[in-house]
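Dumped protein-v3.tsv below, it's TSV, C-alpha atoms:
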chain	number	residue	atom	x	y	z
I	1	MET	CA	93.75	78.19	92.66
I	2	THR	CA	95.06	81.06	94.76
I	3	GLU	CA	92.93	81.67	97.84
I	4	GLN	CA	91.34	85.12	98.10
I	5	ILE	CA	88.98	86.45	100.76
I	6	SER	CA	85.97	88.31	99.37
I	7	ALA	CA	83.82	88.49	102.52
I	8	GLU	CA	83.97	91.13	105.26
I	9	ILE	CA	86.59	90.24	107.87
I	10	THR	CA	85.12	90.24	111.37
I	11	ASP	CA	88.13	89.00	113.35
I	12	PRO	CA	89.11	90.91	116.54
I	13	GLY	CA	92.11	92.11	114.54
I	14	ALA	CA	89.84	94.16	112.24
I	15	TRP	CA	89.56	97.13	114.60
I	16	LEU	CA	88.93	100.88	114.26
I	17	GLY	CA	91.35	103.44	115.69
I	18	PRO	CA	89.10	105.48	118.03
I	19	ASP	CA	87.78	102.32	119.66
I	20	ILE	CA	91.34	101.27	120.45
I	21	GLN	CA	92.69	104.71	121.36
I	22	ALA	CA	89.93	105.24	123.93
I	23	GLY	CA	90.60	101.96	125.69
I	24	ASP	CA	94.36	101.91	126.10
I	25	GLU	CA	93.98	99.59	129.09
I	26	ASP	CA	93.19	96.94	126.47
I	27	TRP	CA	96.51	97.25	124.67
I	28	ILE	CA	98.96	98.74	127.19
I	29	ARG	CA	99.97	96.04	129.63
I	30	HIS	CA	101.88	96.97	132.79
I	31	LEU	CA	104.30	94.37	134.07
I	32	SER	CA	103.60	93.37	137.66
I	33	ALA	CA	106.08	93.96	140.47
I	34	GLU	CA	106.68	90.20	140.53
I	35	ALA	CA	107.46	90.14	136.80
I	36	LEU	CA	109.85	93.08	137.12
I	37	ALA	CA	111.68	91.39	140.00
I	38	ASP	CA	111.79	88.23	137.89
I	39	LEU	CA	113.39	90.14	134.99
I	40	ASP	CA	115.93	91.77	137.27
I	41	ALA	CA	116.96	88.42	138.74
I	42	ALA	CA	117.30	86.88	135.27
I	43	LEU	CA	119.46	89.81	134.16
I	44	ARG	CA	121.78	89.37	137.15
I	45	HIS	CA	121.96	85.64	136.39
I	46	VAL	CA	123.11	86.36	132.82
I	47	GLN	CA	125.62	88.95	133.99
I	48	LYS	CA	127.05	86.66	136.65
I	49	ALA	CA	127.47	83.91	134.05
I	50	GLY	CA	129.18	86.36	131.68
I	51	LEU	CA	126.77	85.57	128.86
I	52	GLN	CA	126.33	87.72	125.76
I	53	ILE	CA	123.65	87.88	123.09
I	54	PRO	CA	122.61	85.44	121.71
I	55	PHE	CA	121.84	83.33	124.75
I	56	GLY	CA	118.98	80.89	125.11
I	57	LYS	CA	115.70	80.86	126.97
I	58	GLU	CA	117.15	78.47	129.53
I	59	ASP	CA	119.88	81.02	130.32
I	60	PHE	CA	117.30	83.68	131.23
I	61	PRO	CA	115.04	81.92	133.76
I	62	LEU	CA	111.63	83.56	134.19
I	63	ASN	CA	108.59	82.56	136.23
I	64	ALA	CA	106.06	85.33	136.87
I	65	CYS	CA	107.20	87.28	133.81
I	66	ALA	CA	107.06	84.18	131.60
I	67	ALA	CA	103.44	83.66	132.64
I	68	GLU	CA	102.56	87.27	131.80
I	69	LEU	CA	104.26	86.99	128.40
I	70	ALA	CA	102.45	83.71	127.69
I	71	ALA	CA	99.13	85.40	128.46
I	72	LEU	CA	100.03	88.35	126.24
I	73	LEU	CA	101.04	86.45	123.12
I	74	PRO	CA	97.57	85.19	122.07
I	75	GLU	CA	96.36	88.79	122.19
I	76	VAL	CA	99.07	89.74	119.69
I	77	GLN	CA	98.47	86.72	117.48
I	78	ASN	CA	94.70	86.35	117.58
I	79	GLY	CA	93.39	89.52	119.21
I	80	LEU	CA	94.01	93.14	118.27
I	81	GLY	CA	97.38	92.28	116.77
I	82	PHE	CA	99.55	94.44	119.00
I	83	ARG	CA	100.42	95.24	122.60
I	84	VAL	CA	102.63	97.73	124.41
I	85	LEU	CA	104.44	96.27	127.41
I	86	ARG	CA	105.18	98.93	130.01
I	87	GLY	CA	106.88	99.14	133.37
I	88	ILE	CA	110.59	98.42	132.88
I	89	PRO	CA	112.34	101.21	134.86
I	90	ARG	CA	114.55	102.64	132.12
I	91	ASP	CA	116.64	104.75	134.51
I	92	LYS	CA	117.59	101.65	136.50
I	93	TYR	CA	119.41	99.98	133.63
I	94	SER	CA	122.20	100.92	131.23
I	95	ASP	CA	121.72	100.61	127.47
I	96	ALA	CA	123.70	97.36	127.52
I	97	GLU	CA	121.55	95.95	130.32
I	98	CYS	CA	118.40	96.90	128.42
I	99	GLU	CA	119.68	94.92	125.45
I	100	LEU	CA	120.13	91.84	127.66
I	101	LEU	CA	116.69	92.29	129.24
I	102	TYR	CA	114.99	92.74	125.89
I	103	TRP	CA	116.76	89.76	124.34
I	104	GLY	CA	115.75	87.63	127.32
I	105	ILE	CA	112.11	88.63	126.83
I	106	GLY	CA	112.38	87.92	123.11
I	107	VAL	CA	113.62	84.35	123.49
I	108	HIS	CA	110.71	83.65	125.84
I	109	ILE	CA	108.32	84.78	123.10
I	110	GLY	CA	109.89	82.88	120.20
I	111	SER	CA	113.04	82.68	118.08
I	112	PRO	CA	114.65	85.98	117.01
I	113	VAL	CA	115.95	85.88	113.43
I	114	SER	CA	118.53	87.89	111.49
I	115	GLN	CA	117.27	91.25	110.19
I	116	ASN	CA	119.94	92.11	107.62
I	117	ASP	CA	122.92	90.75	105.72
I	118	ARG	CA	125.14	91.71	108.65
I	119	GLY	CA	123.45	89.03	110.71
I	120	HIS	CA	121.97	91.37	113.31
I	121	LEU	CA	119.58	89.53	115.61
I	122	LEU	CA	119.06	92.64	117.72
I	123	GLY	CA	118.64	95.58	115.38
I	124	HIS	CA	119.31	99.22	116.17
I	125	VAL	CA	116.69	101.62	114.82
I	126	LEU	CA	118.35	105.02	114.67
I	127	ASP	CA	119.30	107.68	112.18
I	128	GLU	CA	122.51	106.71	110.38
I	129	ASP	CA	122.38	109.85	108.20
I	130	ARG	CA	121.07	107.81	105.28
I	131	SER	CA	118.16	108.54	102.94
I	132	TYR	CA	115.82	106.67	100.63
I	133	ASP	CA	117.86	107.95	97.67
I	134	ASP	CA	120.44	105.31	98.59
I	135	PRO	CA	119.27	102.03	96.96
I	136	SER	CA	120.80	100.01	99.81
I	137	ALA	CA	119.32	102.12	102.65
I	138	ARG	CA	116.42	100.91	104.76
I	139	GLY	CA	113.87	103.18	106.40
I	140	TYR	CA	114.93	102.44	109.96
I	141	GLN	CA	118.37	103.90	109.16
I	142	THR	CA	116.90	107.34	108.40
I	143	ALA	CA	115.08	110.10	110.31
I	144	GLN	CA	112.47	110.36	107.56
I	145	ARG	CA	108.81	109.47	107.89
I	146	MET	CA	108.05	105.82	107.31
I	147	ASP	CA	104.66	105.15	105.70
I	148	PHE	CA	102.44	102.30	106.81
I	149	HIS	CA	104.10	98.98	106.13
I	150	CYS	CA	104.85	95.48	107.37
I	151	ASP	CA	108.47	94.57	107.98
I	152	LEU	CA	110.30	92.86	105.13
I	153	LEU	CA	110.36	89.20	106.09
I	154	PRO	CA	107.04	87.59	107.08
I	155	VAL	CA	108.16	87.08	110.67
I	156	ASP	CA	105.34	86.61	113.14
I	157	VAL	CA	106.11	89.31	115.69
I	158	LEU	CA	107.89	92.63	115.35
I	159	GLY	CA	109.30	93.84	118.67
I	160	LEU	CA	110.57	97.34	119.44
I	161	PHE	CA	112.16	98.45	122.73
I	162	CYS	CA	112.43	102.21	123.28
I	163	LEU	CA	115.89	103.07	124.62
I	164	HIS	CA	115.76	106.82	123.89
I	165	GLN	CA	113.02	109.08	122.57
I	166	ALA	CA	113.66	111.70	119.89
I	167	LYS	CA	113.92	115.39	120.73
I	168	SER	CA	110.71	115.81	118.75
I	169	GLY	CA	108.62	113.70	116.39
I	170	GLY	CA	108.93	109.96	115.87
I	171	GLU	CA	105.38	109.15	116.98
I	172	SER	CA	104.16	105.62	116.25
I	173	HIS	CA	101.02	104.82	114.26
I	174	LEU	CA	99.32	101.44	113.85
I	175	VAL	CA	96.49	100.34	111.59
I	176	SER	CA	94.74	97.02	111.13
I	177	SER	CA	95.61	95.49	107.76
I	178	LEU	CA	92.37	93.54	108.02
I	179	THR	CA	90.36	96.75	108.34
I	180	VAL	CA	92.19	98.17	105.32
I	181	HIS	CA	91.18	94.99	103.47
I	182	ASN	CA	87.54	95.60	104.45
I	183	VAL	CA	87.62	99.23	103.27
I	184	LEU	CA	89.17	98.25	99.94
I	185	ARG	CA	86.50	95.59	99.54
I	186	ARG	CA	83.75	98.17	100.00
I	187	GLU	CA	85.25	101.09	98.10
I	188	ARG	CA	87.46	99.59	95.38
I	189	PRO	CA	87.02	95.84	94.99
I	190	ASP	CA	88.87	96.07	91.68
I	191	LEU	CA	91.99	97.27	93.52
I	192	LEU	CA	91.55	94.64	96.21
I	193	ASP	CA	91.94	92.11	93.39
I	194	VAL	CA	95.19	93.84	92.41
I	195	THR	CA	96.62	93.39	95.92
I	196	TYR	CA	96.35	89.61	95.53
I	197	GLN	CA	98.54	89.70	92.41
I	198	PRO	CA	102.37	89.52	92.52
I	199	PHE	CA	104.34	92.73	93.10
I	200	HIS	CA	108.07	92.92	92.36
I	201	LEU	CA	110.24	94.09	95.26
I	202	ASP	CA	113.92	94.95	95.53
I	203	TRP	CA	116.15	93.16	98.04
I	204	ARG	CA	118.08	96.49	98.09
I	205	ASP	CA	121.43	94.71	97.98
I	206	GLU	CA	120.63	92.34	100.86
I	207	GLU	CA	119.74	89.30	98.76
I	208	PRO	CA	121.37	86.11	100.05
I	209	ASP	CA	124.33	84.82	98.06
I	210	GLY	CA	123.09	83.05	94.94
I	211	GLU	CA	119.62	84.67	95.01
I	212	GLN	CA	118.27	87.07	92.40
I	213	PRO	CA	118.14	90.69	93.64
I	214	TRP	CA	114.34	90.92	93.47
I	215	TYR	CA	111.37	88.80	94.50
I	216	ALA	CA	107.64	88.74	93.75
I	217	ILE	CA	104.84	88.38	96.30
I	218	PRO	CA	101.25	89.64	96.68
I	219	MET	CA	100.46	92.42	99.13
I	220	PHE	CA	97.45	90.50	100.46
I	221	SER	CA	97.29	86.72	100.51
I	222	ALA	CA	95.18	84.15	102.33
I	223	ALA	CA	95.49	80.66	103.75
I	224	ASP	CA	92.87	78.64	105.64
I	225	GLY	CA	90.51	81.61	105.49
I	226	GLN	CA	92.97	84.00	107.16
I	227	VAL	CA	94.35	87.10	105.43
I	228	THR	CA	97.99	88.14	105.66
I	229	SER	CA	99.36	91.55	104.69
I	230	ARG	CA	102.79	92.14	103.14
I	231	PHE	CA	102.57	95.86	102.30
I	232	THR	CA	106.13	97.13	102.27
I	233	SER	CA	107.64	100.60	102.03
I	234	ARG	CA	107.19	102.00	98.53
I	235	GLN	CA	110.93	102.36	97.96
I	236	TYR	CA	111.31	98.57	97.70
I	237	LEU	CA	108.88	98.50	94.80
I	238	GLN	CA	110.01	101.65	93.00
I	239	SER	CA	113.71	100.79	93.02
I	240	CYS	CA	112.98	97.42	91.40
I	241	GLU	CA	112.85	99.21	88.04
I	242	ARG	CA	116.66	99.21	88.08
I	243	PHE	CA	116.48	95.54	87.08
I	244	GLY	CA	114.47	96.18	83.93
I	245	ALA	CA	111.17	97.52	82.63
I	246	GLU	CA	109.38	94.23	83.34
I	247	TYR	CA	109.94	94.81	87.07
I	248	THR	CA	108.60	98.36	87.10
I	249	ILE	CA	105.56	98.96	89.28
I	250	THR	CA	102.40	99.16	87.16
I	251	ASP	CA	99.87	102.00	87.12
I	252	ALA	CA	97.26	99.78	88.77
I	253	GLN	CA	99.71	98.78	91.50
I	254	THR	CA	100.65	102.42	92.08
I	255	GLU	CA	97.00	103.40	92.38
I	256	CYS	CA	96.46	100.52	94.77
I	257	LEU	CA	99.39	101.45	97.02
I	258	ASP	CA	98.37	105.11	97.02
I	259	LEU	CA	94.86	104.20	98.13
I	260	VAL	CA	96.11	101.82	100.82
I	261	GLN	CA	98.19	104.63	102.33
I	262	GLN	CA	95.27	107.04	102.08
I	263	ILE	CA	92.98	104.56	103.83
I	264	ALA	CA	95.55	103.68	106.50
I	265	ASN	CA	96.04	107.36	107.33
I	266	ARG	CA	92.35	108.00	107.98
I	267	PRO	CA	91.94	109.09	111.62
I	268	GLU	CA	89.05	106.69	112.11
I	269	LEU	CA	91.28	103.73	111.33
I	270	GLN	CA	94.62	104.30	113.04
I	271	VAL	CA	95.87	104.47	116.60
I	272	SER	CA	98.75	106.84	117.44
I	273	PHE	CA	101.04	107.06	120.46
I	274	ARG	CA	104.54	107.92	121.58
I	275	LEU	CA	106.59	105.11	123.01
I	276	GLN	CA	107.97	105.87	126.46
I	277	GLU	CA	111.53	104.92	127.29
I	278	GLY	CA	111.44	101.34	128.53
I	279	ASP	CA	108.30	100.45	126.55
I	280	ILE	CA	108.21	97.32	124.40
I	281	GLN	CA	105.90	97.34	121.39
I	282	LEU	CA	104.87	93.92	120.06
I	283	VAL	CA	103.14	93.86	116.67
I	284	ASN	CA	101.64	91.04	114.63
I	285	ASN	CA	103.59	91.47	111.39
I	286	HIS	CA	100.88	89.67	109.38
I	287	THR	CA	97.80	91.67	110.42
I	288	THR	CA	99.01	95.08	111.61
I	289	MET	CA	100.86	97.78	109.67
I	290	HIS	CA	102.98	100.39	111.41
I	291	ALA	CA	104.22	103.86	110.50
I	292	ARG	CA	106.48	106.44	112.07
I	293	ASP	CA	106.66	110.21	111.86
I	294	ALA	CA	109.87	111.97	110.88
I	295	PHE	CA	111.88	113.05	113.89
I	296	GLU	CA	114.55	115.46	115.10
I	297	ASP	CA	117.39	114.20	117.27
I	298	TYR	CA	119.26	115.86	120.11
I	299	ASP	CA	122.73	117.15	119.25
I	300	ASP	CA	124.30	114.80	121.81
I	301	PRO	CA	124.83	111.42	120.06
I	302	ALA	CA	124.19	109.63	123.35
I	303	LEU	CA	120.64	111.02	123.38
I	304	LYS	CA	119.70	110.11	119.79
I	305	ARG	CA	116.37	108.39	119.22
I	306	HIS	CA	117.22	104.73	119.58
I	307	LEU	CA	114.97	101.68	119.44
I	308	LEU	CA	116.00	98.05	119.66
I	309	ARG	CA	114.26	95.79	117.17
I	310	MET	CA	113.66	92.07	117.05
I	311	TRP	CA	112.06	89.94	114.35
I	312	ILE	CA	110.57	87.00	116.22
I	313	ALA	CA	109.45	83.73	114.64
I	314	LEU	CA	106.91	81.70	116.59
I	315	SER	CA	106.63	77.94	116.82
I	316	ASN	CA	104.58	76.24	114.10
I	317	ASP	CA	101.65	75.65	116.45
I	318	MET	CA	101.46	79.38	117.19
I	319	ARG	CA	102.08	81.03	113.84
I	320	ARG	CA	99.46	82.20	111.36
I	321	PRO	CA	98.89	79.99	108.30
I	322	LEU	CA	100.59	81.54	105.27
I	323	SER	CA	99.91	81.22	101.56
I	324	PRO	CA	102.40	79.17	99.50
I	325	GLU	CA	102.93	82.42	97.56
I	326	LEU	CA	104.96	83.63	100.55
I	327	ASP	CA	107.21	80.56	100.64
I	328	CYS	CA	109.95	82.45	98.79
I	329	ARG	CA	110.12	84.78	101.80
I	330	TYR	CA	109.15	82.55	104.70
I	331	LYS	CA	111.90	80.07	103.82
I	332	TRP	CA	114.35	82.70	105.07
I	333	VAL	CA	112.46	83.02	108.35
I	334	GLU	CA	112.72	79.25	108.78
I	335	ALA	CA	116.43	79.47	107.90
I	336	GLY	CA	117.05	81.99	110.70
I	337	GLY	CA	116.43	85.26	108.85
I	338	ILE	CA	118.41	87.18	106.24
I	339	PRO	CA	121.69	85.27	105.84
I	340	LEU	CA	125.06	86.85	106.44
I	341	LYS	CA	126.56	87.64	103.04
I	342	GLU	CA	130.17	86.74	102.39
I	343	SER	CA	130.84	90.35	101.41
I	344	ALA	CA	129.33	91.57	104.69
I	345	ALA	CA	131.24	88.98	106.68
I	346	GLY	CA	134.46	90.10	105.08
Would you kindly transcribe this structure into structure tokens?
Amino acid sequence: MTEQISAEITDPGAWLGPDIQAGDEDWIRHLSAEALADLDAALRHVQKAGLQIPFGKEDFPLNACAAELAALLPEVQNGLGFRVLRGIPRDKYSDAECELLYWGIGVHIGSPVSQNDRGHLLGHVLDEDRSYDDPSARGYQTAQRMDFHCDLLPVDVLGLFCLHQAKSGGESHLVSSLTVHNVLRRERPDLLDVTYQPFHLDWRDEEPDGEQPWYAIPMFSAADGQVTSRFTSRQYLQSCERFGAEYTITDAQTECLDLVQQIANRPELQVSFRLQEGDIQLVNNHTTMHARDAFEDYDDPALKRHLLRMWIALSNDMRRPLSPELDCRYKWVEAGGIPLKESAAG
């Protein structure tokens, strides 16, 4: 029988926005001077060796910084479900050096996996003049608002490094998926039941070779008493109708998704902030949903809003237990992420 949680969730990850917003010292962590010196030395080591991404943890030796990251990770996994790491002097490093620094931090957290069928391990979140009308476009390639969602694969940690801020807009918003679960339980238990049923989603032309172009997973699932959220941007559900009427989102599912967005956008639930250049946002992709406001870029292409993204898989002893219903997705995390398609490779 499929596991479903019917009781109120009281984990630290089931937080309310104002409580978090008021105590930013709890979720913004400043790297120490020793950690920053550690990072700088590791960067110079990589540069001297002529290494490029992907390089391994052993190629980016950290001491003080590794200890601070190790202390931070349980807070992301078992605490609030997110942290902002601050202190990297953005004006000290070029864009290319920031990529090396960020990758080095990522491999000390876990194993970065491929984010698309082009095999990108380090993704670039910036406006590529695409829109949701394009069935192969993904939200991070647009300047449009992105509603509350979890990232596509059930990776353990979503990391974002802010290279450049937008001219205006682009604020970040986070909400606890566990708190949303609690609100649904109180207000619409019938729709909470719907979230545990399979939803059809579109691969949006990134399905691995030999796979069908859609998949079916629940939006909420549970394993060993722990809830996991897989709420994904609406476009992935709506465009699935192109494969046939049987894959069209149902009225009950639409009502459910509408209510989840309405709940997530309540001021008393969410925390909002603007990433500073050099900030690293780490989010538990199983328990925390994120959203982004639409933004306006500078005319100069070199100043466009630009974030670096990593999908990071943790070791088995660190990761959250997942329902077998997510195996069809997690198998790709274990395989190293979204595989490079032959068409993309060509």
Checklist entry - Between atom CA of Leu80 of chain I and atom CA of Lys57 of chain I, what is the distance, to one decimal in Å? => result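 Going from atom CA of Leu80 of chain I over to atom CA of Lys57 of chain I, I get 26.4 Å.
Nearest to Gln165 of chain I of all the residues I:Leu126, I:Leu326, I:Leu282, I:Leu191 is I:Leu126, counting all atoms listed in the file.
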Output as a tab-separated table one row per residue of segment 115-204 of chain I within 8 Å of segment 217-236 of chain I: the closest atom pair and its distance in Å to one decimal place, counting all atoms listed in the file, sorted by chain and residue number ascending.
residue	atom	partner	partner_atom	distance
I:Tyr132	CA	I:Gln235	CA	7.0
I:Met146	CA	I:Ser233	CA	7.4
I:Asp147	CA	I:Ser233	CA	6.6
I:Phe148	CA	I:Ser233	CA	7.3
I:His149	CA	I:Thr232	CA	4.7
I:Cys150	CA	I:Thr232	CA	5.5
I:Asp151	CA	I:Thr232	CA	6.7
I:Leu152	CA	I:Thr232	CA	6.6
I:Pro154	CA	I:Arg230	CA	7.4
I:Ser177	CA	I:Ser229	CA	6.2
I:Leu178	CA	I:Val227	CA	7.2
I:Thr195	CA	I:Met219	CA	5.1
I:Tyr196	CA	I:Pro218	CA	5.0
I:Gln197	CA	I:Pro218	CA	5.1
I:Pro198	CA	I:Pro218	CA	4.3
I:Phe199	CA	I:Ile217	CA	5.4
I:His200	CA	I:Ile217	CA	6.8
I:Leu201	CA	I:Tyr236	CA	5.2
I:Asp202	CA	I:Tyr236	CA	5.0
I:Trp203	CA	I:Tyr236	CA	7.3
I:Arg204	CA	I:Tyr236	CA	7.1
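Neighbours of segment 87-94 of chain I closer than or equal to 7 Å, with all atoms listed in the file counted and sequence neighbours fewer than 6 positions away skipped, come out as His30, Leu31, Leu36, Glu277 and Gly278 of chain I.
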Checklist entry - Using all atoms listed in the file, which residues sit within 10 Å of Leu51 of chain I once same-chain residues fewer than 6 positions away are excluded, as number ranges by chain? => result I: 43, 45, 59-60, 100
Output the selection as a PDB file, in the frame of the given file - C-alpha atoms for each residue.
ATOM      1  CA  LEU I  43     119.460  89.810 134.160  1.00  0.00           C
ATOM      2  CA  HIS I  45     121.960  85.640 136.390  1.00  0.00           C
ATOM      3  CA  ASP I  59     119.880  81.020 130.320  1.00  0.00           C
ATOM      4  CA  PHE I  60     117.300  83.680 131.230  1.00  0.00           C
ATOM      5  CA  LEU I 100     120.130  91.840 127.660  1.00  0.00           C
TER       6      LEU I 100
END
Next on the checklist: Set the distance at 7 Å and use all atoms listed in the file: which residues neighbour segment 265-272 of chain I once local chain neighbours fewer than 2 positions away are removed? I'd like the list as a PyMOL selection string.
Outcome noted: chain I and resi 16-18+20-21+172-175+261-263
Checklist entry - What is the distance, in Å and to one decimal place, between atom CA of Leu340 of chain I and atom CA of Glu207 of chain I? => result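 Value for the atom CA of Leu340 of chain I-atom CA of Glu207 of chain I distance: 9.7 Å.
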Checklist entry - Mind pulling up the distance from atom CA of Asn316 of chain I to atom CA of Glu68 of chain I? => result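 Going from atom CA of Glu68 of chain I over to atom CA of Asn316 of chain I covers 21.0 Å.
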Next on the checklist: Measuring between all atoms listed in the file, which one of I:Lys167, I:Arg44, I:Arg242, I:His306 shows the shortest distance to Trp214 of chain I?
Outcome noted: I:Arg242
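Only residues having an atom at most 7 Å from (108.3, 108.6, 120.9) are included; using only C-alpha atoms, these are Gln165, Ala166, Gly169, Gly170, Glu171, Ser172, Arg274, Leu275 and Gln276 of chain I.
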Next on the checklist: For a quick check of understanding, using all atoms listed in the file, which of I:Phe82, I:Tyr247, I:Phe273, I:Phe295 has the smallest distance to Pro213 of chain I?
Outcome noted: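 Answer, going by the shortest atom-to-atom distance: I:Tyr247.
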Adding 5 Å on each side of the box along x, y and z that holds all listed atoms of segment 286-303 of chain I, could you give its centre and edge lengths in Å to one decimal, as JSON?
{"center_x": 111.3, "center_y": 103.4, "center_z": 116.4, "size_x": 37.0, "size_y": 37.5, "size_z": 24.0}
Checklist outcome for this item: Using all atoms listed in the file, the best pick from I:Ala252, I:Leu153, I:Ala143, I:Ala41 as closest to Glu296 of chain I would be I:Ala143
